Every structure is written in C-alpha cells, then in structure tokens.
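A.B. asks: Okay, handing you the structure first.
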Protein chains: 2
Amino acid sequence: VKVTTDRLEQQVRFLVEIDKSKQILRQTLLVDASRQENDAEHSWHLAVMAILLSEYAGDAGLDLLRVVKMALIHDVVEIDAGDTFVYDAVGNADRREREERAAERIFSILPADLALEMRALWEEFEAQESAEARFATALDRFQPVLQNYHAGGGGWRRHSITSDRILARNEQIAAGAPALWEYARNLIQDAVRQGFIAEAPPERL
Amino acid sequence: VKVTTDRLEQQVRFLVEIDKSKQILRQTLLVDASRQENDAEHSWHLAVMAILLSEYAGDAGLDLLRVVKMALIHDVVEIDAGDTFVYDAVGNADRREREERAAERIFSILPADLALEMRALWEEFEAQESAEARFATALDRFQPVLQNYHAGGGGWRRHSITSDRILARNEQIAAGAPALWEYARNLIQDAVRQGFIAEAPPERL
C-alpha cells in the first residue's frame, strides 16, 4: 500500500491495534443482562456520560475534552493486561505493573507527540490528582453501578458481591461527583431491598 | 428508588436507553473478521479517531469537542431505526424519515436543554454544512474502510460490493479530510489488487 505519510501510517496502525478493545470483556453485564460488555462499549458509554453529566463534576470549570479523551483511552492498556475485576484482590496486586508494560507497548505505536499525549492522559487518569481524572473515575465507577443495577444485579449478582464491598469500592465516586455518589448509593441500597444482592455477612458489619 | 433530582433521573434514563446501541449490528466486521461490530463500538472508534486525526481536518480551527460529541451520539437513532447499510438503496430511501422519528423519541428522554443540544448536534451531522460535521462524516466513512480492508474485505466482501461503488460512496471523505481520502483510496485499490473485492463489472466502467 502506498501511504500518504509515515506519520499517518503510525496513527492508522494504532487505530487498527485498538480494535482489540472490542474483544476485552468486562464483568459488567449489558442492561438486558444478555452478555458481558466489552471495553470499547464501556469507554463509549463513559464518554457520553462525561458530556451529559458534566454539571455534576465536583470541581467547576473542568476541561471536558480532557475528561472525554481519558474516558476514551483509559482502558486500551487492557488489550495486553486484560480486564481486572475490581473485586479481585489477587488480580489487582500486579495490575499496575501489567498495565504499565501495556501502556509502554501500545501508546508507542503512535507518532512520538501523540504517544506522549495519550500516555500522559492515561497516567493522569491513574494518578487521580486532577479534577478531570477524578470526574472520569467517578464515571468509570458510576457506569457499572447503573448497568448492574438495571440488569437485576448483573456482574455483582453473578459473582456474589455483597453491598458493603460495592459501597466501599464505589465511594470514590464522591471525590469526583458528589451528587452521582448519592444517586449510586441509593441504587446499591435498593439492589439489596429488591434481593438482587445480599448485604454484608453479619461478621463484616 | 429515591432520586436526587428529576433532572438526574432523566439523564440516567437516557443513558440506560442508549445501552441498546451495543446491540445494533453494523455490516462492518471487526479487524479479525470474527463478527460484525455494533454502534457503540463504532462510535467509540470514531471518537478516538477524531482525537488522533484532527490534524487532517480540511478546515483549520475546528471545535474538536463538537466533533467528538457528534461521533459519540450520531448513531443512537439506530436504536429505533436500525442500521441501514450504506450500499442498500431501498433501505436508504426512507432512512431519513425513520431516523427523524427515532431522534424525536430518544433525545426527548433527556431534560429539555440537553435534548435540544443533542438533537441539534445530530441535525448538524446530518446536514453536512459545518466543518465539524464534514470531518465527523469523513471519519464515519474512513473507519469502515480501515476495518473492512484489515479484515480482508470484511463487509464489502460478504456483500460482494465492487470497488467502483466503494470509491463512489467514500469520496465524501475528501470534503472533510483530503489526506484521509487519499489514504482510503489507496486501501480500496489495494483491496482489489489483493483479491478481497472485485473491480466494477466492465459495463459499469
């Protein structure tokens, strides 16, 4: 193939590589509970949420385009590292290390300036120090709560996760979007009332 | 469920509704040719392309966030209207009408201000009059070219679409991103050379 420029060829190679995100399955089910969703679908949903829910960001005046960029690329490292279920303590022990290696390989496919920009966005998301990263992470937690709730318990139920662990895990939403945390907490409590999931076993209360 | 506000409840209802985009199949295959891709995956891929390929937009100084928003929501009307294959003349005859009805129902789930904004973005995309809409459409054509090419012909091959039709259909890329059209044309011609697709039947040349 005659290519227009080497630069465009590198950009295309990255875009072809990240097609694999469409086959990285997460533990969250679709709303109709028919199947697990994949990283590309999840990232699309997050980006739409960023656009429609930006008014709930805890910090005013955040850069929405940066939030959307983070939402779109935060999971491409899972092409190599795989999805790590948030309630999997063993998997999470070396998650960071596996994802660092993946970031190194995958973003390097891009021309140097874009590789740097995308890598920096991913690091920013992971570090949770900017308003944009905190809001993007709030959405990254809020989306599975919505989806598992509407799927009648979804991935929570399938893996018998109790509400205390779900509440503890998702409290991070409060740092990026307080109103969404209030909403999410209500859904989690309602999931217990409806019998989708169990409360904590007594010894853990 | 106790809701924080009616406004947030409407936003959530829309976000839950558009989960159905994950089940609207397109005629484009994934790069590994294992299956058709869906609207959510396609929209995610377009939005990432918008971010990484904005330097090729024909008009300088375009509003990238607006391009990304269009990329993310342009296909939600297909939840009701279904995906219409670009080479399907019959399906395209009443596409606009079916999609207008869908836009009416789906965007109306949102609070009025957001419903208006999203509807306007969709209309802008369809009208092809702004630089942002032309670039978003260029990507909407470029993505299936990339994907079908890398899938060894993909949806083109499956439906026996000849290269003259593919070239005619995708020439629209030139209006939004001239360099991407040059690149796409090379891929289409190479797809013929490699035997993935046929050239036009002689009587149509």
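Naming works like this for the structure tokens: A, B, ... for the chains as they're shown, residue 1 at the start of each chain, ligands 1 onward in shown order.
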Could you list, as a ChimeraX atom specification, the residues of chain B having an atom within 9 Å of chain A when counting only C-alpha atoms?
C.D. replies: /B:1-4,8,11-12,15-22,30-32,37-45,47-49,51-53,64-65,68-69,72-73,114,146-147,150,179-180,182-183,186-187,189-190
A.B. asks: Quote the spacing between atom CA of B:Ser163 and atom CA of B:Phe125 in Å to one decimal place.
C.D. replies: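 Taking atom CA of B:Ser163 and atom CA of B:Phe125, their separation equals 26.1 Å.
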A.B. asks: Among chain A, which ones does DSSP place in strand (DSSP E or B), written as number ranges by chain?
C.D. replies: A: 25-29, 36-38
A.B. asks: Return as an NGL selection string the full set of residues in chain A whose backbone-based DSSP assignment is alpha helix (DSSP H).
C.D. replies: :A and (6-17 or 39-53 or 64-73 or 78-81 or 89-93 or 95-107 or 112-127 or 131-150 or 154-158 or 163-170 or 173-176 or 178-193)
A.B. asks: Given only C-alpha atoms as the basis, pick out the residue of B:Val77, B:Ala60, B:Ala151, B:Ala174 nearest to B:Ala138.
C.D. replies: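 Smallest distance to B:Ala138 is found for B:Ala174.
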A.B. asks: Near B:Asp164, within 7 Å and counting only C-alpha atoms, which residues show up once chain neighbours fewer than 4 positions away are dropped, as a list in words?
C.D. replies: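 Here the qualifying residues turn out to be Ala168, Glu199 and Ala200 of chain B.
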A.B. asks: One number please: atom CA of B:Arg98 to atom CA of A:Leu29, in Å, one decimal.
C.D. replies: 29.2 Å
A.B. asks: Do a neighbour search on A:Gly153 at 7 Å with only C-alpha atoms, toss out local chain neighbours closer than 2 positions, and write the hits as a list in words.
C.D. replies: Asn148, Tyr149, Ala151, Gly155, Trp156, Arg157, Ala191, Phe196 and Ile197 of chain A
A.B. asks: When distances are computed from only C-alpha atoms, which of A:Glu100, A:Ala131, A:Ser108, A:Ala115 shows the smallest separation from A:Asp63?
C.D. replies: A:Ala131
A.B. asks: Please measure the separation of atom CA of A:Gly152 and atom CA of A:Ala33, giving the value in Å to one decimal.
C.D. replies: 7.8 Å
